[in-house]
$ cat final-v2.csv   # CSV, C-alpha atoms
chain,number,residue,atom,x,y,z
A,1,MET,CA,-31.8,74.6,-73.4
A,2,SER,CA,-30.3,75.8,-70.2
A,3,GLY,CA,-31.4,78.1,-67.4
A,4,ARG,CA,-34.3,78.5,-65.1
A,5,ALA,CA,-37.8,79.5,-66.1
A,6,ILE,CA,-38.3,83.2,-66.7
A,7,GLY,CA,-40.5,85.3,-64.5
A,8,ASP,CA,-41.4,85.2,-60.8
A,9,PRO,CA,-44.0,82.5,-60.3
A,10,ASP,CA,-45.5,84.3,-57.3
A,11,ARG,CA,-46.2,87.5,-59.3
A,12,LEU,CA,-46.7,86.2,-62.9
A,13,THR,CA,-46.4,89.8,-64.2
A,14,LEU,CA,-44.7,88.7,-67.5
A,15,ARG,CA,-46.7,90.2,-70.3
A,16,ALA,CA,-44.4,90.7,-73.3
A,17,VAL,CA,-41.6,89.1,-75.2
A,18,PHE,CA,-39.3,91.3,-77.2
A,19,PHE,CA,-36.9,89.9,-79.8
A,20,ASP,CA,-33.7,91.0,-81.6
A,21,ALA,CA,-34.1,90.9,-85.3
A,22,GLY,CA,-30.8,90.0,-87.1
A,23,ASN,CA,-29.6,86.5,-86.2
A,24,THR,CA,-32.7,86.0,-84.0
A,25,LEU,CA,-36.0,86.5,-86.0
A,26,LEU,CA,-34.1,87.3,-89.2
A,27,SER,CA,-31.5,85.0,-90.5
A,28,LEU,CA,-28.5,85.7,-92.7
A,29,ASP,CA,-28.9,84.8,-96.4
A,30,TYR,CA,-26.5,81.9,-96.1
A,31,PRO,CA,-27.1,80.8,-99.7
A,32,ALA,CA,-25.9,84.2,-100.9
A,33,ILE,CA,-22.7,83.8,-98.8
A,34,VAL,CA,-22.2,80.3,-100.2
A,35,GLU,CA,-22.6,81.7,-103.7
A,36,ALA,CA,-20.2,84.6,-103.2
A,37,LEU,CA,-17.6,82.2,-101.9
A,38,ALA,CA,-18.2,79.8,-104.8
A,39,VAL,CA,-17.6,82.6,-107.3
A,40,GLU,CA,-14.1,82.9,-105.9
A,41,GLY,CA,-13.6,79.1,-106.1
A,42,ILE,CA,-14.1,78.5,-102.4
A,43,PRO,CA,-16.6,75.6,-102.0
A,44,VAL,CA,-18.4,75.5,-98.7
A,45,GLY,CA,-21.9,74.3,-97.8
A,46,ARG,CA,-24.7,76.2,-96.1
A,47,GLU,CA,-24.4,74.4,-92.8
A,48,GLN,CA,-20.7,75.0,-92.7
A,49,VAL,CA,-21.2,78.8,-93.1
A,50,TRP,CA,-24.0,78.8,-90.5
A,51,ARG,CA,-21.9,77.1,-87.9
A,52,ALA,CA,-18.9,79.3,-88.6
A,53,GLU,CA,-21.0,82.4,-88.4
A,54,CYS,CA,-22.6,81.3,-85.1
A,55,ARG,CA,-19.1,80.8,-83.6
A,56,ALA,CA,-18.0,84.2,-85.1
A,57,ARG,CA,-20.7,85.9,-83.0
A,58,VAL,CA,-18.9,84.8,-79.8
A,59,ARG,CA,-15.6,86.2,-81.1
A,60,LEU,CA,-17.2,89.5,-82.1
A,61,ASP,CA,-19.0,90.1,-78.8
A,62,PRO,CA,-16.0,91.6,-76.9
A,63,LEU,CA,-15.6,94.2,-79.7
A,64,LEU,CA,-19.3,95.1,-79.5
A,65,ALA,CA,-19.0,95.6,-75.8
A,66,GLU,CA,-16.2,98.2,-76.2
A,67,ILE,CA,-17.2,100.4,-79.2
A,68,ALA,CA,-19.7,103.2,-79.4
A,69,VAL,CA,-21.3,102.5,-82.8
A,70,ARG,CA,-22.2,98.9,-83.6
A,71,GLU,CA,-24.0,99.4,-87.0
A,72,SER,CA,-20.9,100.2,-89.0
A,73,ALA,CA,-18.7,99.0,-91.9
A,74,GLU,CA,-15.9,98.2,-89.4
A,75,VAL,CA,-18.1,95.8,-87.4
A,76,PHE,CA,-19.4,94.1,-90.5
A,77,THR,CA,-15.9,93.6,-91.8
A,78,ARG,CA,-14.7,92.2,-88.5
A,79,TYR,CA,-17.8,89.9,-88.3
A,80,MET,CA,-17.2,88.5,-91.8
A,81,ARG,CA,-13.5,88.1,-91.2
A,82,PHE,CA,-14.2,86.1,-88.0
A,83,THR,CA,-16.6,83.9,-90.1
A,84,PHE,CA,-14.0,83.3,-92.8
A,85,ASP,CA,-11.5,82.4,-90.1
A,86,GLU,CA,-13.9,79.9,-88.6
A,87,LEU,CA,-14.2,78.4,-92.1
A,88,GLU,CA,-10.4,78.3,-92.4
A,89,ILE,CA,-10.4,80.7,-95.3
A,90,ALA,CA,-7.2,82.6,-95.4
A,91,TRP,CA,-7.5,86.4,-95.7
A,92,GLY,CA,-6.4,87.7,-99.1
A,93,ALA,CA,-7.6,89.0,-102.4
A,94,ARG,CA,-10.3,86.4,-102.8
A,95,ALA,CA,-11.7,86.8,-99.3
A,96,GLU,CA,-11.6,90.6,-99.8
A,97,ARG,CA,-13.7,90.3,-103.0
A,98,VAL,CA,-16.2,88.1,-101.2
A,99,LEU,CA,-16.4,90.7,-98.4
A,100,THR,CA,-17.1,93.4,-101.0
A,101,ALA,CA,-19.8,91.3,-102.6
A,102,LEU,CA,-21.5,90.7,-99.3
A,103,ARG,CA,-21.2,94.3,-98.3
A,104,ASP,CA,-22.9,95.3,-101.5
A,105,ILE,CA,-25.8,92.8,-100.9
A,106,ASN,CA,-26.2,94.2,-97.4
A,107,ARG,CA,-26.3,97.8,-98.6
A,108,GLY,CA,-28.9,96.8,-101.2
A,109,GLN,CA,-31.6,94.4,-100.2
A,110,GLY,CA,-30.0,93.5,-96.9
A,111,LEU,CA,-28.1,90.4,-95.9
A,112,TRP,CA,-30.3,89.6,-92.9
A,113,ARG,CA,-33.6,89.1,-94.7
A,114,ALA,CA,-34.9,85.5,-94.3
A,115,ALA,CA,-37.1,84.4,-91.5
A,116,THR,CA,-35.2,82.2,-89.0
A,117,PRO,CA,-36.7,78.7,-88.8
A,118,GLY,CA,-39.4,78.7,-86.2
A,119,ALA,CA,-39.7,82.5,-86.0
A,120,SER,CA,-43.2,82.9,-87.4
A,121,GLU,CA,-44.4,79.9,-85.3
A,122,VAL,CA,-43.1,81.2,-82.0
A,123,LEU,CA,-44.5,84.7,-82.6
A,124,HIS,CA,-47.9,83.3,-83.3
A,125,GLU,CA,-47.7,80.9,-80.4
A,126,LEU,CA,-46.8,83.6,-78.0
A,127,THR,CA,-49.5,86.0,-79.2
A,128,GLY,CA,-52.0,83.1,-79.0
A,129,ARG,CA,-51.0,82.6,-75.4
A,130,GLY,CA,-51.8,86.3,-74.7
A,131,TYR,CA,-48.3,87.8,-74.9
A,132,LEU,CA,-47.4,91.0,-76.6
A,133,VAL,CA,-44.5,90.4,-79.0
A,134,GLY,CA,-42.2,93.0,-80.4
A,135,VAL,CA,-38.7,93.7,-81.9
A,136,ILE,CA,-35.9,95.9,-80.5
A,137,SER,CA,-33.0,95.9,-83.0
A,138,ASN,CA,-29.7,97.6,-83.8
A,139,ALA,CA,-30.4,98.3,-87.4
A,140,ASP,CA,-30.1,100.8,-90.3
A,141,GLY,CA,-33.7,102.0,-90.6
A,142,ARG,CA,-35.0,99.2,-92.7
A,143,ILE,CA,-36.0,96.7,-90.0
A,144,GLU,CA,-39.7,97.1,-90.4
A,145,THR,CA,-39.5,96.5,-94.2
A,146,LEU,CA,-37.3,93.5,-93.7
A,147,LEU,CA,-39.7,92.0,-91.2
A,148,ARG,CA,-42.6,92.6,-93.6
A,149,ASN,CA,-40.8,91.0,-96.5
A,150,ALA,CA,-40.0,88.0,-94.3
A,151,GLY,CA,-43.6,87.5,-93.3
A,152,LEU,CA,-43.0,88.3,-89.7
A,153,PHE,CA,-44.6,91.8,-89.3
A,154,GLU,CA,-48.3,90.9,-88.6
A,155,PRO,CA,-47.9,89.5,-85.0
A,156,LEU,CA,-45.6,92.4,-83.9
A,157,SER,CA,-47.1,95.2,-81.7
A,158,VAL,CA,-43.8,97.1,-81.3
A,159,ILE,CA,-40.8,97.6,-83.6
A,160,ILE,CA,-37.9,99.7,-82.4
A,161,ASP,CA,-35.1,100.3,-84.9
A,162,SER,CA,-32.0,101.9,-83.4
A,163,HIS,CA,-31.5,104.1,-86.5
A,164,VAL,CA,-34.9,105.6,-86.1
A,165,VAL,CA,-34.8,106.2,-82.3
A,166,GLY,CA,-31.1,107.3,-82.2
A,167,VAL,CA,-29.7,104.8,-79.6
A,168,GLU,CA,-28.3,101.3,-79.9
A,169,LYS,CA,-28.2,98.3,-77.6
A,170,PRO,CA,-26.8,97.9,-75.0
A,171,ASP,CA,-28.0,101.5,-74.1
A,172,PRO,CA,-31.0,100.8,-71.9
A,173,ARG,CA,-32.9,103.7,-73.5
A,174,ILE,CA,-33.7,101.6,-76.5
A,175,PHE,CA,-35.5,99.1,-74.3
A,176,ASP,CA,-37.2,101.9,-72.5
A,177,PHE,CA,-38.7,103.1,-75.8
A,178,ALA,CA,-40.2,99.7,-76.4
A,179,LEU,CA,-41.6,99.5,-72.9
A,180,GLU,CA,-43.1,103.0,-73.1
A,181,ARG,CA,-44.7,102.2,-76.5
A,182,ALA,CA,-46.2,99.0,-75.1
A,183,GLY,CA,-47.3,100.6,-71.9
A,184,LEU,CA,-45.3,98.1,-69.8
A,185,SER,CA,-42.8,98.1,-66.9
A,186,PRO,CA,-39.4,96.3,-67.1
A,187,GLU,CA,-40.6,93.4,-65.0
A,188,ASP,CA,-43.4,92.8,-67.5
A,189,ALA,CA,-41.0,91.8,-70.3
A,190,VAL,CA,-38.3,89.4,-71.4
A,191,TYR,CA,-35.8,89.9,-74.2
A,192,VAL,CA,-34.4,87.3,-76.6
A,193,GLY,CA,-31.2,88.0,-78.6
A,194,ASP,CA,-28.0,86.5,-79.9
A,195,PHE,CA,-25.2,88.7,-78.4
A,196,TYR,CA,-24.4,88.7,-74.7
A,197,SER,CA,-22.9,92.1,-74.5
A,198,LEU,CA,-25.7,93.8,-76.5
A,199,ASP,CA,-28.8,91.7,-75.7
A,200,VAL,CA,-28.4,90.3,-72.3
A,201,VAL,CA,-26.4,93.1,-70.8
A,202,GLY,CA,-28.5,95.8,-72.4
A,203,ALA,CA,-31.8,94.2,-71.4
A,204,ARG,CA,-30.6,93.8,-67.8
A,205,ARG,CA,-29.6,97.5,-67.7
A,206,ALA,CA,-33.1,98.4,-68.5
A,207,GLY,CA,-34.5,95.9,-65.9
A,208,LEU,CA,-35.7,93.1,-68.3
A,209,GLU,CA,-34.7,89.5,-68.0
A,210,ALA,CA,-33.0,88.0,-71.0
A,211,ILE,CA,-32.6,84.8,-73.0
A,212,LEU,CA,-29.5,84.2,-75.2
A,213,LEU,CA,-30.0,82.3,-78.5
A,214,ASP,CA,-27.1,79.9,-78.9
A,215,PRO,CA,-27.9,77.6,-81.9
A,216,VAL,CA,-24.6,75.6,-81.9
A,217,GLY,CA,-23.6,75.7,-78.3
A,218,ALA,CA,-20.8,78.2,-79.1
A,219,TRP,CA,-21.1,80.4,-76.0
A,220,PRO,CA,-19.4,79.4,-72.7
A,221,PRO,CA,-21.4,79.0,-69.5
A,222,LEU,CA,-23.0,82.3,-68.8
A,223,ASP,CA,-25.3,83.8,-66.1
A,224,CYS,CA,-28.4,83.7,-68.3
A,225,SER,CA,-30.8,81.3,-69.8
A,226,LYS,CA,-29.7,79.9,-73.2
A,227,ILE,CA,-31.8,78.3,-75.9
A,228,ALA,CA,-30.7,76.5,-79.1
A,229,ALA,CA,-33.9,77.4,-81.1
A,230,LEU,CA,-36.6,79.9,-81.0
A,231,GLY,CA,-39.2,77.3,-80.3
A,232,GLU,CA,-37.8,76.8,-76.8
A,233,VAL,CA,-38.7,80.4,-75.7
A,234,ALA,CA,-42.2,79.4,-74.8
A,235,ASP,CA,-41.0,76.6,-72.6
A,236,LEU,CA,-39.3,79.1,-70.3
A,237,LEU,CA,-42.3,81.4,-69.9
A,238,PRO,CA,-45.2,81.3,-67.4
A,239,PRO,CA,-48.7,82.0,-68.7
A,240,PRO,CA,-49.3,85.8,-68.9
A,241,SER,CA,-51.6,87.2,-66.2
A,242,ARG,CA,-55.3,87.7,-66.8
A,243,SER,CA,-54.8,91.4,-66.8
A,244,ALA,CA,-52.2,91.1,-69.5
A,245,ARG,CA,-54.7,89.2,-71.7
A,246,ASP,CA,-57.3,91.9,-71.1
A,247,ARG,CA,-54.8,94.6,-72.1
A,248,LEU,CA,-53.1,93.1,-75.1
A,249,THR,CA,-55.1,93.7,-78.3
A,250,PRO,CA,-54.2,93.1,-81.9
A,251,LYS,CA,-52.3,95.9,-83.6
$ encode --input "final-v2.csv" --output "structure tokens"
Amino acid sequence: MSGRAIGDPDRLTLRAVFFDAGNTLLSLDYPAIVEALAVEGIPVGREQVWRAECRARVRLDPLLAEIAVRESAEVFTRYMRFTFDELEIAWGARAERVLTALRDINRGQGLWRAATPGASEVLHELTGRGYLVGVISNADGRIETLLRNAGLFEPLSVIIDSHVVGVEKPDPRIFDFALERAGLSPEDAVYVGDFYSLDVVGARRAGLEAILLDPVGAWPPLDCSKIAALGEVADLLPPPSRSARDRLTPK
């Protein structure tokens, strides 16, 4: 973990923690990727794929900062190609077939569909401490269903899906939707995500503080707090104020 504690200790106005979904609360189906590669005679293990994909995020980030639409086939293709490159898998017919198989899975049941280790625990810990917890995600309209299927829906008070509201991170309006729905101000909330250009930059544009999830230490030194696991979020937060506890009620 790196970075200072979140929130002004003199004001203690922090009342909510919003999370990204994919690669934050929801993990890629790494066994499905391993299986798709194995079908093409490319033997790799789950941890290899996980580490490669975490490094691929850093390589994808500059592209995400420049383009207008992030939830697209082009972005998915580039993302997977960076992952294959990190696995030292040469691009060719076999890799293209793996990409097609993964794209089909993503269009069907979704490729980001498993709860990230520690996700359920941190959501319940934060709600138990009096925080409102929610999700703000660039997604395709299915994020609520995926969160339900992963067993993560119950603690969440706010779920914002970019496909539903019509704007994507880093547009600050998507954070504004969440704050408005929760009845909070920007200084009341912190955001946790896995891409600097979308999650940290976007949250700051809306006036929120941000924490970057960096599981394998792939990101260079940055001007934000970084954590290696979701369980570290609570260590950075002050207790919510008494007024916050009075206001936050179960969904």
$ closest_residue --input "final-v2.csv" --among "A:Thr83, A:Ile211, A:Ile33, A:Glu144" --to "A:Asp104" --atoms "only C-alpha atoms"
A:Ile33
$ atom_distance --input "final-v2.csv" --atom1 "atom CA of A:Ser162" --atom2 "atom CA of A:Ala139"
5.6 Å
$ residues_around --input "final-v2.csv" --residues "stretch 147-152 of chain A" --least-positions-apart "3" --cutoff "6 Å" --atoms "only C-alpha atoms" --output "PyMOL selection string"
chain A and resi 114-115+120+144
$ atom_distance --input "final-v2.csv" --atom1 "atom CA of A:Val49" --atom2 "atom CA of A:Leu213"
17.4 Å
$ closest_residue --input "final-v2.csv" --among "A:Trp50, A:Phe84, A:Tyr191, A:Trp91" --to "A:Ala21" --atoms "all atoms listed in the file"
A:Tyr191
$ atom_distance --input "final-v2.csv" --atom1 "atom CA of A:Leu102" --atom2 "atom CA of A:Ala218"
23.8 Å
$ residues_near_point --input "final-v2.csv" --point "(-33.1, 93.0, -79.2)" --cutoff "7 Å" --atoms "only C-alpha atoms" --output "number ranges by chain"
A: 18-21, 135-137, 191-193, 199
$ write_last_selection --input "final-v2.csv" --atoms "C-alpha atoms" --output "JSON list (two decimals), keeping the file's coordinate frame"
[["chain", "number", "residue", "atom", "x", "y", "z"],
["A", 18, "PHE", "CA", -39.30, 91.30, -77.20],
["A", 19, "PHE", "CA", -36.90, 89.90, -79.80],
["A", 20, "ASP", "CA", -33.70, 91.00, -81.60],
["A", 21, "ALA", "CA", -34.10, 90.90, -85.30],
["A", 135, "VAL", "CA", -38.70, 93.70, -81.90],
["A", 136, "ILE", "CA", -35.90, 95.90, -80.50],
["A", 137, "SER", "CA", -33.00, 95.90, -83.00],
["A", 191, "TYR", "CA", -35.80, 89.90, -74.20],
["A", 192, "VAL", "CA", -34.40, 87.30, -76.60],
["A", 193, "GLY", "CA", -31.20, 88.00, -78.60],
["A", 199, "ASP", "CA", -28.80, 91.70, -75.70]]
$ decode --input "final-v2.csv" --residues "stretch 134-151 of chain A" --atoms "N, CA and C atoms" --output "PDB file, in the first residue's frame"
ATOM      1  N   GLY A 134     -21.082   1.852  -3.108  1.00  0.00           N
ATOM      2  CA  GLY A 134     -21.754   1.790  -4.399  1.00  0.00           C
ATOM      3  C   GLY A 134     -20.775   1.487  -5.512  1.00  0.00           C
ATOM      4  N   VAL A 135     -21.303   1.409  -6.728  1.00  0.00           N
ATOM      5  CA  VAL A 135     -20.511   1.078  -7.922  1.00  0.00           C
ATOM      6  C   VAL A 135     -20.751   2.137  -8.985  1.00  0.00           C
ATOM      7  N   ILE A 136     -19.668   2.563  -9.628  1.00  0.00           N
ATOM      8  CA  ILE A 136     -19.714   3.432 -10.808  1.00  0.00           C
ATOM      9  C   ILE A 136     -18.861   2.742 -11.855  1.00  0.00           C
ATOM     10  N   SER A 137     -19.475   2.273 -12.944  1.00  0.00           N
ATOM     11  CA  SER A 137     -18.753   1.401 -13.868  1.00  0.00           C
ATOM     12  C   SER A 137     -19.014   1.752 -15.324  1.00  0.00           C
ATOM     13  N   ASN A 138     -17.957   1.736 -16.130  1.00  0.00           N
ATOM     14  CA  ASN A 138     -18.121   1.698 -17.581  1.00  0.00           C
ATOM     15  C   ASN A 138     -18.521   0.273 -17.938  1.00  0.00           C
ATOM     16  N   ALA A 139     -19.716   0.109 -18.449  1.00  0.00           N
ATOM     17  CA  ALA A 139     -20.248  -1.234 -18.657  1.00  0.00           C
ATOM     18  C   ALA A 139     -21.223  -1.224 -19.826  1.00  0.00           C
ATOM     19  N   ASP A 140     -21.841  -2.388 -20.060  1.00  0.00           N
ATOM     20  CA  ASP A 140     -22.705  -2.550 -21.233  1.00  0.00           C
ATOM     21  C   ASP A 140     -24.172  -2.740 -20.878  1.00  0.00           C
ATOM     22  N   GLY A 141     -24.559  -2.325 -19.674  1.00  0.00           N
ATOM     23  CA  GLY A 141     -25.948  -2.457 -19.263  1.00  0.00           C
ATOM     24  C   GLY A 141     -26.233  -3.653 -18.383  1.00  0.00           C
ATOM     25  N   ARG A 142     -25.224  -4.515 -18.182  1.00  0.00           N
ATOM     26  CA  ARG A 142     -25.444  -5.750 -17.418  1.00  0.00           C
ATOM     27  C   ARG A 142     -24.801  -5.729 -16.042  1.00  0.00           C
ATOM     28  N   ILE A 143     -24.284  -4.601 -15.608  1.00  0.00           N
ATOM     29  CA  ILE A 143     -23.459  -4.625 -14.406  1.00  0.00           C
ATOM     30  C   ILE A 143     -24.252  -5.023 -13.171  1.00  0.00           C
ATOM     31  N   GLU A 144     -25.497  -4.593 -13.059  1.00  0.00           N
ATOM     32  CA  GLU A 144     -26.290  -4.984 -11.891  1.00  0.00           C
ATOM     33  C   GLU A 144     -26.487  -6.490 -11.849  1.00  0.00           C
ATOM     34  N   THR A 145     -26.785  -7.096 -12.992  1.00  0.00           N
ATOM     35  CA  THR A 145     -26.959  -8.546 -13.056  1.00  0.00           C
ATOM     36  C   THR A 145     -25.681  -9.273 -12.687  1.00  0.00           C
ATOM     37  N   LEU A 146     -24.551  -8.815 -13.213  1.00  0.00           N
ATOM     38  CA  LEU A 146     -23.273  -9.462 -12.915  1.00  0.00           C
ATOM     39  C   LEU A 146     -22.932  -9.355 -11.429  1.00  0.00           C
ATOM     40  N   LEU A 147     -23.224  -8.209 -10.827  1.00  0.00           N
ATOM     41  CA  LEU A 147     -22.973  -8.046  -9.398  1.00  0.00           C
ATOM     42  C   LEU A 147     -23.886  -8.956  -8.576  1.00  0.00           C
ATOM     43  N   ARG A 148     -25.132  -9.079  -8.991  1.00  0.00           N
ATOM     44  CA  ARG A 148     -26.055 -10.002  -8.309  1.00  0.00           C
ATOM     45  C   ARG A 148     -25.531 -11.434  -8.396  1.00  0.00           C
ATOM     46  N   ASN A 149     -25.156 -11.844  -9.606  1.00  0.00           N
ATOM     47  CA  ASN A 149     -24.699 -13.217  -9.807  1.00  0.00           C
ATOM     48  C   ASN A 149     -23.424 -13.522  -9.030  1.00  0.00           C
ATOM     49  N   ALA A 150     -22.606 -12.494  -8.801  1.00  0.00           N
ATOM     50  CA  ALA A 150     -21.357 -12.678  -8.068  1.00  0.00           C
ATOM     51  C   ALA A 150     -21.547 -12.579  -6.552  1.00  0.00           C
ATOM     52  N   GLY A 151     -22.777 -12.327  -6.112  1.00  0.00           N
ATOM     53  CA  GLY A 151     -23.060 -12.230  -4.681  1.00  0.00           C
ATOM     54  C   GLY A 151     -22.618 -10.932  -4.043  1.00  0.00           C
TER      55      GLY A 151
END
